[in-house]
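Q: Structure supplied as protein-v9.cif; contents: mmCIF, C-alpha atoms and all ligand atoms.
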data_work
loop_
_atom_site.label_atom_id
_atom_site.label_comp_id
_atom_site.auth_asym_id
_atom_site.auth_seq_id
_atom_site.Cartn_x
_atom_site.Cartn_y
_atom_site.Cartn_z
CA MET A 5 13.15 -12.32 22.95
CA ILE A 6 10.18 -14.15 21.47
CA LEU A 7 10.14 -17.68 20.07
CA LEU A 8 7.31 -18.66 17.73
CA LYS A 9 6.59 -22.37 17.38
CA CYS A 10 4.81 -22.53 14.05
CA ARG A 11 2.76 -25.22 12.31
CA TYR A 12 3.53 -23.69 8.90
CA ILE A 13 5.92 -20.96 7.79
CA ALA A 14 5.66 -19.63 4.22
CA THR A 15 9.07 -17.99 4.08
CA PHE A 16 9.13 -16.38 0.60
CA ASN A 17 12.91 -16.80 0.75
CA THR A 18 14.86 -17.43 -2.49
CA ARG A 19 13.97 -21.13 -2.37
CA GLU A 20 10.35 -20.34 -1.52
CA GLU A 21 10.56 -22.78 1.37
CA ILE A 22 7.53 -23.78 3.34
CA LEU A 23 8.58 -25.07 6.75
CA GLU A 24 6.39 -27.29 8.89
CA ASN A 25 6.65 -27.48 12.67
CA ALA A 26 9.50 -24.98 12.82
CA TYR A 27 10.65 -22.11 15.01
CA ILE A 28 11.18 -18.40 14.44
CA GLY A 29 13.30 -16.58 17.03
CA ILE A 30 12.82 -12.81 17.23
CA ASP A 31 14.92 -10.17 18.94
CA GLU A 32 12.38 -7.55 19.99
CA LYS A 33 15.03 -4.88 20.53
CA SER A 34 16.35 -4.84 16.99
CA GLY A 35 13.06 -6.13 15.57
CA LYS A 36 15.03 -8.74 13.66
CA ILE A 37 14.54 -12.44 13.00
CA GLU A 38 17.55 -14.15 14.53
CA TYR A 39 16.68 -17.82 14.19
CA ILE A 40 14.67 -20.05 11.85
CA GLY A 41 14.80 -23.83 12.06
CA LYS A 42 13.20 -27.16 12.88
CA GLU A 43 15.23 -27.60 16.06
CA LYS A 44 14.28 -25.73 19.19
CA PRO A 45 17.14 -23.28 19.81
CA GLN A 46 19.32 -23.90 22.88
CA LYS A 47 19.24 -20.35 24.12
CA PRO A 48 16.39 -19.40 26.43
CA TYR A 49 13.63 -17.12 25.14
CA ASP A 50 11.51 -14.87 27.38
CA GLU A 51 8.33 -15.99 25.70
CA VAL A 52 7.39 -19.03 23.61
CA ILE A 53 4.20 -18.74 21.57
CA GLU A 54 2.56 -21.93 20.32
CA LEU A 55 1.08 -21.47 16.87
CA ASN A 56 0.01 -25.02 16.17
CA LYS A 57 -2.97 -24.23 13.95
CA HIS A 58 -1.37 -21.31 12.19
CA VAL A 59 0.33 -20.19 9.00
CA VAL A 60 3.04 -17.55 9.49
CA MET A 61 4.13 -15.45 6.52
CA PRO A 62 5.64 -12.03 5.78
CA SER A 63 3.04 -9.29 6.33
CA PHE A 64 1.64 -7.46 3.32
CA ILE A 65 2.53 -4.33 1.38
CA ASN A 66 -0.48 -2.28 0.23
CA ALA A 67 1.00 -0.15 -2.54
CA HIS A 68 -1.65 2.53 -2.92
CA THR A 69 -3.86 4.21 -0.33
CA HIS A 70 -5.23 7.53 0.85
CA VAL A 71 -5.79 6.26 4.41
CA PRO A 72 -7.81 9.11 5.95
CA MET A 73 -10.45 8.69 3.25
CA VAL A 74 -12.15 6.12 5.48
CA LEU A 75 -13.89 9.34 6.59
CA LEU A 76 -15.52 9.57 3.16
CA ARG A 77 -16.37 5.88 2.72
CA GLY A 78 -19.59 5.49 0.75
CA LEU A 79 -20.04 9.28 0.59
CA LYS A 80 -21.18 8.64 -2.97
CA ASP A 81 -21.18 5.27 -4.65
CA ASP A 82 -22.15 4.20 -8.15
CA VAL A 83 -21.05 7.33 -10.05
CA ASP A 84 -18.16 7.87 -12.48
CA LEU A 85 -14.75 9.18 -11.40
CA HIS A 86 -15.27 12.71 -12.71
CA THR A 87 -18.61 13.23 -10.94
CA TRP A 88 -17.37 11.42 -7.84
CA LEU A 89 -14.29 13.66 -7.53
CA ASN A 90 -15.71 17.02 -8.51
CA LYS A 91 -19.16 16.85 -6.99
CA TYR A 92 -18.46 14.91 -3.82
CA ILE A 93 -14.87 14.12 -2.88
CA PHE A 94 -13.11 17.45 -3.55
CA PRO A 95 -15.82 19.55 -1.80
CA ALA A 96 -15.76 17.15 1.16
CA GLU A 97 -11.97 17.22 1.36
CA ASP A 98 -12.03 21.04 1.41
CA ARG A 99 -13.85 20.73 4.71
CA LEU A 100 -11.46 18.30 6.40
CA LYS A 101 -9.22 19.72 9.11
CA ALA A 102 -5.80 18.48 10.22
CA THR A 103 -7.13 16.69 13.31
CA ASP A 104 -9.84 15.00 11.22
CA ILE A 105 -7.08 13.62 9.00
CA TYR A 106 -5.15 12.34 12.03
CA TYR A 107 -8.10 10.36 13.40
CA GLY A 108 -9.12 9.21 9.94
CA ALA A 109 -5.57 7.92 9.41
CA LEU A 110 -5.64 5.99 12.70
CA GLN A 111 -8.83 4.20 11.65
CA GLY A 112 -7.42 3.58 8.17
CA ILE A 113 -4.21 2.12 9.60
CA ALA A 114 -6.24 -0.14 11.91
CA GLU A 115 -8.12 -1.42 8.86
CA LEU A 116 -4.85 -2.07 7.04
CA ILE A 117 -3.53 -4.03 10.02
CA GLU A 118 -6.74 -6.05 10.20
CA SER A 119 -5.96 -7.65 6.82
CA GLY A 120 -2.30 -8.28 7.67
CA THR A 121 -0.71 -5.17 6.14
CA SER A 122 2.41 -3.70 7.74
CA LEU A 123 3.60 -1.29 5.01
CA PHE A 124 1.48 1.03 2.91
CA ILE A 125 2.17 3.69 0.31
CA ASP A 126 0.06 6.79 0.82
CA MET A 127 -0.70 10.06 -0.93
CA TYR A 128 -2.83 12.78 0.68
CA PHE A 129 -2.85 16.27 2.17
CA TYR A 130 -2.04 17.07 5.84
CA GLU A 131 0.34 14.15 5.35
CA GLU A 132 2.13 15.23 8.57
CA GLU A 133 -0.93 14.02 10.49
CA ILE A 134 -0.71 10.67 8.73
CA ALA A 135 3.00 10.47 9.60
CA LYS A 136 2.10 11.01 13.28
CA ALA A 137 -0.48 8.23 13.10
CA VAL A 138 2.08 5.91 11.49
CA MET A 139 4.69 6.77 14.12
CA GLU A 140 2.28 5.99 16.97
CA SER A 141 0.73 2.87 15.47
CA GLY A 142 4.07 1.17 14.83
CA VAL A 143 3.46 0.25 11.17
CA ARG A 144 5.58 1.22 8.18
CA ALA A 145 4.65 3.62 5.40
CA ILE A 146 5.96 5.43 2.37
CA LEU A 147 4.25 8.80 2.60
CA SER A 148 3.78 11.50 0.00
CA ARG A 149 2.18 14.92 0.12
CA GLY A 150 -0.23 14.92 -2.82
CA VAL A 151 0.23 18.04 -4.99
CA LEU A 152 -1.42 19.52 -8.07
CA ASP A 153 -1.39 22.98 -9.63
CA ILE A 154 -4.30 23.20 -12.04
CA THR A 155 -6.54 24.94 -9.49
CA GLU A 156 -6.48 28.60 -8.51
CA ASN A 157 -3.80 29.98 -6.20
CA ARG A 158 -1.46 27.09 -6.87
CA THR A 159 1.77 27.21 -8.85
CA PRO A 160 4.58 24.71 -9.36
CA GLU A 161 6.49 26.62 -6.67
CA THR A 162 3.72 26.46 -4.03
CA GLU A 163 3.46 22.71 -4.62
CA VAL A 164 7.20 22.07 -4.45
CA LYS A 165 7.25 24.04 -1.20
CA LYS A 166 4.50 21.82 0.28
CA THR A 167 6.51 18.75 -0.73
CA LEU A 168 9.71 20.06 0.86
CA ASP A 169 7.88 21.23 3.99
CA PHE A 170 6.59 17.70 4.42
CA LEU A 171 10.09 16.29 3.99
CA ALA A 172 11.40 18.78 6.61
CA PHE A 173 8.68 17.52 8.98
CA LEU A 174 9.79 13.92 8.40
CA GLU A 175 13.44 14.88 8.90
CA ARG A 176 12.55 16.32 12.31
CA MET A 177 10.67 13.12 13.11
CA TRP A 178 13.60 10.94 12.01
CA SER A 179 16.09 12.86 14.14
CA SER A 180 13.91 13.09 17.26
CA ASN A 181 12.81 9.47 17.02
CA LEU A 182 15.57 7.40 15.41
CA GLU A 183 13.42 4.29 15.38
CA THR A 184 11.18 5.81 12.67
CA ARG A 185 14.04 5.94 10.15
CA ASP A 186 13.41 2.46 8.79
CA ARG A 187 9.68 2.67 9.29
CA ILE A 188 8.57 5.91 7.68
CA PHE A 189 9.80 6.80 4.21
CA PHE A 190 9.37 9.81 1.94
CA ALA A 191 7.97 9.94 -1.58
CA LEU A 192 6.94 12.71 -3.95
CA GLY A 193 3.24 12.82 -4.84
CA PRO A 194 2.28 14.70 -8.02
CA HIS A 195 -1.41 13.75 -8.25
CA ALA A 196 -1.74 12.97 -11.99
CA PRO A 197 -0.53 14.20 -15.38
CA TYR A 198 -3.91 15.91 -15.94
CA THR A 199 -3.88 17.80 -12.61
CA CYS A 200 -0.19 18.82 -12.67
CA SER A 201 1.39 21.21 -15.13
CA ARG A 202 4.35 20.14 -17.24
CA GLU A 203 6.53 22.47 -15.15
CA LEU A 204 5.45 20.89 -11.90
CA LEU A 205 6.09 17.36 -13.20
CA ILE A 206 9.56 18.35 -14.39
CA LEU A 207 10.29 20.01 -11.04
CA MET A 208 9.20 16.85 -9.23
CA ARG A 209 11.63 14.77 -11.30
CA GLU A 210 14.43 17.27 -10.59
CA LYS A 211 13.70 17.27 -6.85
CA ALA A 212 13.71 13.47 -6.80
CA GLU A 213 17.19 13.44 -8.33
CA GLU A 214 18.40 16.07 -5.87
CA LEU A 215 16.95 14.28 -2.85
CA LYS A 216 18.53 10.97 -3.83
CA LYS A 217 21.86 12.51 -2.88
CA LYS A 218 20.80 12.70 0.76
CA LEU A 219 18.08 10.07 1.21
CA ASN A 220 18.53 6.32 0.70
CA ASN A 221 15.15 5.90 -0.93
CA VAL A 222 12.99 8.33 -2.86
CA TRP A 223 9.97 7.37 -4.93
CA ILE A 224 7.49 9.34 -7.03
CA ASN A 225 3.92 8.07 -7.00
CA ILE A 226 1.39 9.38 -9.50
CA HIS A 227 -2.04 8.34 -10.83
CA VAL A 228 -1.64 7.56 -14.56
CA ALA A 229 -4.09 6.70 -17.34
CA GLU A 230 -6.94 5.91 -14.97
CA THR A 231 -9.85 6.67 -17.30
CA ARG A 232 -10.61 6.57 -21.00
CA ASN A 233 -11.33 10.34 -20.79
CA GLU A 234 -7.85 11.07 -19.50
CA PHE A 235 -6.32 8.96 -22.27
CA GLU A 236 -8.38 10.57 -25.04
CA ASP A 237 -7.87 14.11 -23.72
CA PHE A 238 -4.12 13.63 -23.75
CA LEU A 239 -4.13 12.25 -27.26
CA GLU A 240 -6.19 15.19 -28.42
CA LYS A 241 -4.19 17.91 -26.64
CA THR A 242 -0.65 16.58 -26.91
CA GLY A 243 -0.80 13.90 -29.57
CA LYS A 244 0.54 11.55 -26.92
CA SER A 245 -0.91 9.07 -24.45
CA PRO A 246 -0.45 9.93 -20.73
CA VAL A 247 2.42 7.41 -20.53
CA SER A 248 4.22 8.66 -23.66
CA TYR A 249 3.70 12.26 -22.52
CA LEU A 250 5.39 11.51 -19.17
CA ASP A 251 8.21 9.79 -21.05
CA SER A 252 8.63 12.77 -23.39
CA ILE A 253 9.26 15.15 -20.48
CA GLY A 254 11.78 12.81 -18.86
CA PHE A 255 9.55 12.06 -15.88
CA LEU A 256 9.61 8.25 -15.90
CA GLY A 257 12.14 6.05 -14.14
CA SER A 258 12.58 3.00 -11.88
CA ASP A 259 11.54 5.12 -8.88
CA VAL A 260 8.10 5.90 -10.37
CA LEU A 261 5.01 4.13 -9.05
CA SER A 262 2.45 4.47 -11.81
CA ILE A 263 -0.91 4.03 -10.10
CA HIS A 264 -3.80 2.43 -12.05
CA THR A 265 -2.26 2.57 -15.58
CA ILE A 266 -5.38 1.16 -17.19
CA TRP A 267 -5.52 2.94 -20.55
CA VAL A 268 -2.26 1.80 -22.09
CA ARG A 269 -1.43 0.62 -25.58
CA ASP A 270 1.28 -1.91 -26.41
CA GLU A 271 3.69 0.92 -27.16
CA ASP A 272 2.95 2.45 -23.72
CA LEU A 273 3.77 -0.87 -22.09
CA ALA A 274 7.08 -0.88 -23.95
CA VAL A 275 7.79 2.63 -22.60
CA LEU A 276 6.94 1.54 -19.04
CA ALA A 277 9.18 -1.52 -19.39
CA LYS A 278 12.06 0.48 -20.89
CA ASN A 279 11.92 2.97 -18.00
CA LYS A 280 11.52 0.19 -15.38
CA VAL A 281 8.41 1.89 -14.02
CA ILE A 282 6.52 0.10 -11.23
CA VAL A 283 2.76 -0.23 -11.79
CA VAL A 284 0.26 -0.33 -8.93
CA HIS A 285 -2.91 -2.31 -9.68
CA ASN A 286 -6.10 -1.36 -7.76
CA PRO A 287 -8.80 -3.59 -9.25
CA SER A 288 -11.71 -2.86 -6.84
CA SER A 289 -11.47 0.91 -7.14
CA ASN A 290 -11.05 0.70 -10.92
CA LEU A 291 -14.08 -1.57 -11.29
CA LYS A 292 -16.24 0.39 -8.88
CA LEU A 293 -15.59 3.69 -10.67
CA GLY A 294 -16.07 2.00 -14.05
CA SER A 295 -12.56 3.08 -15.04
CA GLY A 296 -11.52 -0.23 -16.57
CA ILE A 297 -9.03 -3.01 -15.90
CA ALA A 298 -5.25 -2.70 -16.18
CA PRO A 299 -3.66 -5.33 -18.49
CA VAL A 300 -1.62 -6.85 -15.67
CA PRO A 301 -0.71 -10.17 -17.36
CA LYS A 302 0.66 -8.28 -20.39
CA MET A 303 2.63 -6.00 -18.07
CA LEU A 304 4.17 -8.93 -16.22
CA GLU A 305 5.00 -10.61 -19.54
CA LYS A 306 6.96 -7.51 -20.53
CA GLY A 307 8.88 -7.62 -17.24
CA ILE A 308 7.04 -4.67 -15.66
CA ARG A 309 6.88 -4.95 -11.89
CA VAL A 310 3.29 -4.81 -10.65
CA LEU A 311 2.23 -4.23 -7.04
CA ILE A 312 -1.29 -4.30 -5.61
CA GLY A 313 -3.10 -1.55 -3.73
CA THR A 314 -6.58 -0.98 -2.39
CA ASP A 315 -6.75 2.73 -3.23
CA SER A 316 -8.93 4.61 -0.73
CA ALA A 317 -11.88 3.44 1.31
CA ALA A 318 -13.94 6.05 -0.55
CA SER A 319 -13.56 4.21 -3.84
CA ASN A 320 -13.03 0.58 -2.73
CA ASN A 321 -14.73 0.69 0.00
CA ARG A 322 -12.30 -1.52 1.92
CA LEU A 323 -8.64 -1.29 2.82
CA ASP A 324 -8.54 -5.09 2.85
CA ILE A 325 -5.53 -6.23 0.82
CA LEU A 326 -6.63 -9.88 1.05
CA SER A 327 -9.90 -9.33 -0.80
CA GLU A 328 -8.04 -7.11 -3.27
CA ALA A 329 -5.49 -9.85 -3.93
CA ARG A 330 -8.21 -12.46 -4.40
CA LEU A 331 -10.02 -10.20 -6.87
CA ALA A 332 -6.79 -9.60 -8.82
CA ALA A 333 -6.13 -13.35 -8.97
CA LEU A 334 -9.62 -14.11 -10.31
CA LEU A 335 -10.19 -11.10 -12.55
CA HIS A 336 -7.33 -11.70 -14.96
CA LYS A 337 -8.11 -15.39 -15.31
CA GLY A 338 -11.61 -14.44 -16.42
CA ILE A 339 -10.47 -11.76 -18.86
CA THR A 340 -7.72 -13.79 -20.48
CA GLY A 341 -9.56 -17.11 -20.34
CA ASN A 342 -6.42 -18.57 -18.84
CA PRO A 343 -6.71 -20.03 -15.32
CA ALA A 344 -2.92 -20.33 -15.08
CA ILE A 345 -2.54 -16.50 -15.11
CA LEU A 346 -1.56 -14.94 -11.77
CA PRO A 347 -1.45 -18.07 -9.61
CA ALA A 348 -1.93 -17.70 -5.86
CA LYS A 349 1.78 -17.84 -5.09
CA LYS A 350 2.57 -15.09 -7.60
CA ILE A 351 -0.15 -12.87 -6.13
CA LEU A 352 1.24 -13.38 -2.62
CA ARG A 353 4.75 -12.56 -3.91
CA MET A 354 3.33 -9.30 -5.33
CA LEU A 355 2.21 -8.42 -1.79
CA THR A 356 5.49 -9.41 -0.13
CA ILE A 357 8.92 -10.17 -1.57
CA ASP A 358 8.32 -8.91 -5.12
CA ALA A 359 6.92 -5.64 -3.74
CA ALA A 360 9.88 -5.30 -1.36
CA LYS A 361 12.31 -5.90 -4.25
CA ALA A 362 10.57 -3.40 -6.52
CA LEU A 363 10.78 -0.80 -3.75
CA GLY A 364 14.40 -1.64 -2.96
CA LEU A 365 13.44 -2.62 0.59
CA ASP A 366 14.12 -6.35 0.29
CA GLY A 367 17.22 -6.05 2.47
CA LEU A 368 14.88 -5.08 5.28
CA LEU A 369 11.61 -6.97 4.75
CA GLY A 370 9.43 -9.00 2.37
CA SER A 371 10.45 -12.53 3.43
CA ILE A 372 11.06 -14.55 6.59
CA GLU A 373 14.84 -14.85 6.77
CA VAL A 374 17.46 -14.47 9.47
CA GLY A 375 18.65 -10.85 9.64
CA LYS A 376 15.45 -9.40 8.18
CA GLN A 377 12.89 -7.51 10.21
CA ALA A 378 10.12 -9.52 11.85
CA ASP A 379 7.14 -8.17 9.89
CA LEU A 380 4.68 -11.04 10.11
CA VAL A 381 1.05 -11.91 9.56
CA ILE A 382 -0.24 -14.99 11.34
CA PHE A 383 -3.36 -16.75 10.10
CA ASN A 384 -5.30 -19.05 12.38
CA ILE A 385 -6.73 -21.66 10.03
CA LYS A 386 -9.20 -22.82 12.67
CA LYS A 387 -10.94 -19.42 12.60
CA THR A 388 -13.08 -20.31 9.62
CA LEU A 389 -14.60 -23.47 8.18
CA GLN A 390 -13.52 -22.25 4.75
CA ALA A 391 -9.98 -23.41 5.46
CA TYR A 392 -10.71 -27.15 5.37
CA PRO A 393 -9.51 -29.23 3.68
CA PHE A 394 -6.52 -27.68 1.94
CA HIS A 395 -3.37 -28.92 0.27
CA ASP A 396 -1.55 -25.77 -0.73
CA ILE A 397 -0.73 -22.91 1.64
CA TYR A 398 -0.75 -20.22 -1.08
CA SER A 399 -4.09 -21.31 -2.47
CA LEU A 400 -5.47 -21.52 1.08
CA ILE A 401 -4.60 -17.89 1.78
CA ILE A 402 -5.67 -16.35 -1.55
CA TYR A 403 -8.75 -18.37 -2.45
CA SER A 404 -10.15 -19.68 0.84
CA LEU A 405 -9.25 -17.41 3.75
CA ASP A 406 -10.38 -13.88 4.44
CA LEU A 407 -9.44 -11.35 7.10
CA ARG A 408 -11.33 -13.26 9.79
CA ALA A 409 -8.39 -15.66 9.82
CA VAL A 410 -5.82 -12.93 10.53
CA GLU A 411 -5.02 -13.52 14.20
CA LYS A 412 -1.80 -11.63 14.83
CA VAL A 413 0.31 -9.02 13.08
CA MET A 414 3.86 -8.11 14.06
CA VAL A 415 5.84 -5.16 12.73
CA LYS A 416 9.53 -4.81 13.52
CA GLY A 417 9.35 -7.45 16.25
CA ARG A 418 6.42 -5.76 17.98
CA TRP A 419 2.85 -7.06 18.10
CA VAL A 420 0.41 -4.53 16.69
CA TYR A 421 -2.64 -6.81 16.47
CA ASP A 422 -3.78 -9.84 18.41
CA ASN A 423 -7.16 -11.55 18.23
CA GLY A 424 -9.14 -8.49 17.22
CA GLN A 425 -7.26 -6.15 19.56
CA PHE A 426 -5.24 -3.23 18.19
CA LEU A 427 -2.29 -3.11 20.56
CA THR A 428 -0.75 0.14 19.35
CA ILE A 429 -3.93 2.04 18.46
CA LYS A 430 -5.70 2.76 21.71
CA ASN A 431 -9.42 3.42 22.04
CA ILE A 432 -10.42 2.37 18.56
CA GLU A 433 -14.09 2.76 19.60
CA LYS A 434 -13.53 6.43 20.47
CA ILE A 435 -11.72 6.97 17.17
CA LEU A 436 -14.66 5.47 15.25
CA GLU A 437 -17.08 7.72 17.14
CA ARG A 438 -15.03 10.81 16.42
CA ASN A 439 -14.80 9.91 12.75
CA ALA A 440 -18.55 9.36 12.52
CA GLU A 441 -19.01 12.85 13.98
CA THR A 442 -16.63 14.35 11.40
CA ARG A 443 -18.63 12.63 8.71
CA ARG A 444 -21.93 14.04 10.01
CA ARG A 445 -20.43 17.52 10.08
CA ILE A 446 -19.24 17.25 6.46
CA GLU A 447 -22.56 15.91 5.21
CA ASP A 448 -24.35 18.78 6.99
CA GLU A 449 -22.02 21.33 5.46
CA LEU A 450 -22.45 19.85 1.98
CA GLY A 451 -26.19 19.48 2.44
CA ILE A 452 -26.24 15.81 1.41
ZN ZN A 501 -5.48 7.02 -5.59
#
Can you turn what I pasted into structure tokens?

A:
Amino acid sequence: MILLKCRYIATFNTREEILENAYIGIDEKSGKIEYIGKEKPQKPYDEVIELNKHVVMPSFINAHTHVPMVLLRGLKDDVDLHTWLNKYIFPAEDRLKATDIYYGALQGIAELIESGTSLFIDMYFYEEEIAKAVMESGVRAILSRGVLDITENRTPETEVKKTLDFLAFLERMWSSNLETRDRIFFALGPHAPYTCSRELLILMREKAEELKKKLNNVWINIHVAETRNEFEDFLEKTGKSPVSYLDSIGFLGSDVLSIHTIWVRDEDLAVLAKNKVIVVHNPSSNLKLGSGIAPVPKMLEKGIRVLIGTDSAASNNRLDILSEARLAALLHKGITGNPAILPAKKILRMLTIDAAKALGLDGLLGSIEVGKQADLVIFNIKKTLQAYPFHDIYSLIIYSLDLRAVEKVMVKGRWVYDNGQFLTIKNIEKILERNAETRRRIEDELGI
């Protein structure tokens, strides 16, 4: 049993309370918050932690990643998406082995933790290796096996099989390690409407419906309308935009995470709103690849739920959700000319309670409330001069602080990070060395 004595708690509960000089009592066994209040609880706690220069808030949800791609960070910068993928990323990925993915994922997860993230949504191949890394590192993830069938030797059937094989792997993990059931979740991962055939997309929708009968949560995440090329190609070939095409085949729904969603017209936004699709905004990756900027304020105006993701470290090049959130907050003010757009509190809600609600996980996490899981990020505001003076906690976190101020991260009542130490990922130095070696090998093989 741990008792936190906190200077500030940003609860993100329904009243959006900020508590000063208050306590959080945590039951480590269940991982749950069992007490919140100004009074010190009567019952004895095994450990009392003084956090008198700290802000405690719910830890973050990074809604789009390909974590092992830390291995390919900076492999090629300053080129467009098409060249980047076809000339560099795909050939490099062909050379990655399962164990490379495992160690890449461990480093990626460590980077996520470093900026206060406790839940991420991932799409990649060898996703089993990523699941192992998530299991060991104690964080939470929604994992999907990325599939596509436009290349040789792939059919809708081979890709559905890969998806179901991954689910079978997770089912074995869930039954052999019960604790992972509310930590590791399954999603379907058709890569994009331009890399998946119509048949495959329809099969993915059918499988999602089927799986909902046995799983509590199933999502489909897919990259949509990322580039102008994709948008124009679809218009030319189908007479429809990527969004209206997906709607026409019955693919869209409230379980769909539409990643990027940059090239959308007003009528596409109406389609997304009507189908209750969730959009994932990845501003750094979209800017870096010159893809464009998603019209997030318009989406929010239409009632579309928008989450924030970093995308991969190959296109970002960080997995730092704090710098991503700050960029999102600033970017849309500049574009719209309206400084009131996406205020700091709203941005933080998009990383916590609003994300949890959109994903249907708000019964479990997303705010600091009795009965919810203790998934916490703790900022030490003495870590950086940038913190002083301040008058608003939300503004402090979004505009002033950066990941240097992240002192501790707890997931499910268990510390995973404390003062620069990764408590659940052992030998981070060795992992970095191994990953650097993998990188050298790939560059040698590619001759770059
Ligand atoms: Zn992506």

Q: Give me, please, the distance in Å between atom CA of Tyr128 of chain A and atom CA of Ser148 of chain A, quoted to one decimal.

A: 6.8 Å

Q: As a short mmCIF file (atom, residue, chain, number, x, y, z; two decimals) with C-alpha atoms, in the coordinates of the input, please: every protein or nucleic acid residue near ligand ZN 501 (chain A) (cut-off 8 Å, counting all atoms listed in the file).

A:
data_model
loop_
_atom_site.label_atom_id
_atom_site.label_comp_id
_atom_site.auth_asym_id
_atom_site.auth_seq_id
_atom_site.Cartn_x
_atom_site.Cartn_y
_atom_site.Cartn_z
CA HIS A 68 -1.65 2.53 -2.92
CA THR A 69 -3.86 4.21 -0.33
CA HIS A 70 -5.23 7.53 0.85
CA MET A 127 -0.70 10.06 -0.93
CA HIS A 227 -2.04 8.34 -10.83
CA ILE A 263 -0.91 4.03 -10.10
CA ASP A 315 -6.75 2.73 -3.23
CA SER A 316 -8.93 4.61 -0.73
#

Q: Rank nothing, just name the residue among A:Val413, A:Ile113, A:Ile402, A:Ile345 nearest to Ile382 of chain A, using only C-alpha atoms.

A: A:Val413

Q: Nearest residue to Leu205 of chain A out of A:Lys387, A:Leu152, A:Ala409, A:Asp237, using only C-alpha atoms?

A: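 Of A:Lys387, A:Leu152, A:Ala409, A:Asp237, the one nearest Leu205 of chain A, counting only C-alpha atoms, is A:Leu152.
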
Q: With all atoms listed in the file as the basis for distance, which of A:Met61, A:Ile325, A:Leu331, A:Ile401 is at the shortest distance from Glu118 of chain A?

A: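 Under the stated criterion, the closest residue is A:Ile325.
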
Q: Quick one: distance from atom CA of Thr167 of chain A to atom CA of Gly193 of chain A in Å, one decimal?

A: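 Between atom CA of Thr167 of chain A and atom CA of Gly193 of chain A the gap is 7.9 Å.
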
Q: Would you please work out which residue, of A:Asp324, A:Pro197, A:Lys386, A:Ala362, is nearest to Thr242 of chain A when using all atoms listed in the file?

A: A:Pro197

Q: Rounded to one decimal place, report the atom CA of Lys136 of chain A-atom CA of Ala109 of chain A distance in Å.

A: 9.1 Å

Q: Which residues, protein or nucleic acid, reach to within 12 Å of (11.1, 15.1, 8.2) in the file's coordinates when using all atoms listed in the file, and can you give that as a short mmCIF file (atom, residue, chain, number, x, y, z; two decimals) with C-alpha atoms, in the frame of the given file?

A:
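As written to disk, result-v3.cif reads:
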data_model
loop_
_atom_site.label_atom_id
_atom_site.label_comp_id
_atom_site.auth_asym_id
_atom_site.auth_seq_id
_atom_site.Cartn_x
_atom_site.Cartn_y
_atom_site.Cartn_z
CA GLU A 131 0.34 14.15 5.35
CA GLU A 132 2.13 15.23 8.57
CA ALA A 135 3.00 10.47 9.60
CA LYS A 136 2.10 11.01 13.28
CA LEU A 147 4.25 8.80 2.60
CA SER A 148 3.78 11.50 0.00
CA THR A 167 6.51 18.75 -0.73
CA LEU A 168 9.71 20.06 0.86
CA ASP A 169 7.88 21.23 3.99
CA PHE A 170 6.59 17.70 4.42
CA LEU A 171 10.09 16.29 3.99
CA ALA A 172 11.40 18.78 6.61
CA PHE A 173 8.68 17.52 8.98
CA LEU A 174 9.79 13.92 8.40
CA GLU A 175 13.44 14.88 8.90
CA ARG A 176 12.55 16.32 12.31
CA MET A 177 10.67 13.12 13.11
CA TRP A 178 13.60 10.94 12.01
CA SER A 179 16.09 12.86 14.14
CA SER A 180 13.91 13.09 17.26
CA ASN A 181 12.81 9.47 17.02
CA LEU A 182 15.57 7.40 15.41
CA THR A 184 11.18 5.81 12.67
CA ARG A 185 14.04 5.94 10.15
CA ILE A 188 8.57 5.91 7.68
CA PHE A 189 9.80 6.80 4.21
CA PHE A 190 9.37 9.81 1.94
CA ALA A 191 7.97 9.94 -1.58
CA LEU A 219 18.08 10.07 1.21
#

Q: Show me as a list in words the residues that reach within 10 Å of (-9.3, 1.1, -14.9), counting all atoms listed in the file and using the file's own coordinates.

A: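 It turns out the residues near that spot are Ala229, Glu230, Thr231, Arg232, His264, Thr265, Ile266, Trp267, His285, Asn286, Pro287, Ser288, Ser289, Asn290, Leu291, Lys292, Leu293, Gly294, Ser295, Gly296, Ile297, Ala298 and Pro299 of chain A.
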
Q: Taking only C-alpha atoms into account, which of A:Glu373, A:Asp186, A:Glu54, A:Asp406 comes nearest Glu20 of chain A?

A: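 For Glu20 of chain A, the nearest of the candidates is A:Glu373.
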
Q: For the interface of segment 392-419 of chain A with segment 138-143 of chain A (cut-off 9 Å, counting all atoms listed in the file), please tabulate each contacting residue of segment 392-419 of chain A alongside its nearest pair of atoms and their separation in Å to one decimal, rows sorted by chain and increasing number, as a tab-separated table.

A:
residue	atom	partner	partner_atom	distance
A:Met414	CA	A:Val143	CA	8.9
A:Val415	CA	A:Val143	CA	6.1
A:Lys416	CA	A:Gly142	CA	8.2
A:Arg418	CA	A:Gly142	CA	8.0
A:Trp419	CA	A:Gly142	CA	8.9

Q: List the neighbours of Phe64 of chain A out to 6 Å using only C-alpha atoms; skip same-chain residues closer than 4 positions along the sequence, and give me the result as a ChimeraX atom specification.

A: /A:120-122,355-356

Q: In terms of the shortest atom-to-atom distance over all atoms listed in the file, which of A:Lys33, A:Arg353, A:Lys57, A:Lys165 is closest to Ala329 of chain A?

A: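 That would be A:Arg353, the residue with the smallest distance to Ala329 of chain A.
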
Q: I'd like a table as JSON lines: residues in segment 107-220 of chain A with an atom no more than 7 Å from segment 79-103 of chain A, each row giving the shortest atom pair and its distance in Å to one decimal, only C-alpha atoms counted, sorted by chain and rising residue number.

A:
{"residue": "A:Tyr107", "atom": "CA", "partner": "A:Thr103", "partner_atom": "CA", "distance": 6.4}
{"residue": "A:Tyr130", "atom": "CA", "partner": "A:Ala102", "partner_atom": "CA", "distance": 5.9}
{"residue": "A:Glu133", "atom": "CA", "partner": "A:Ala102", "partner_atom": "CA", "distance": 6.6}
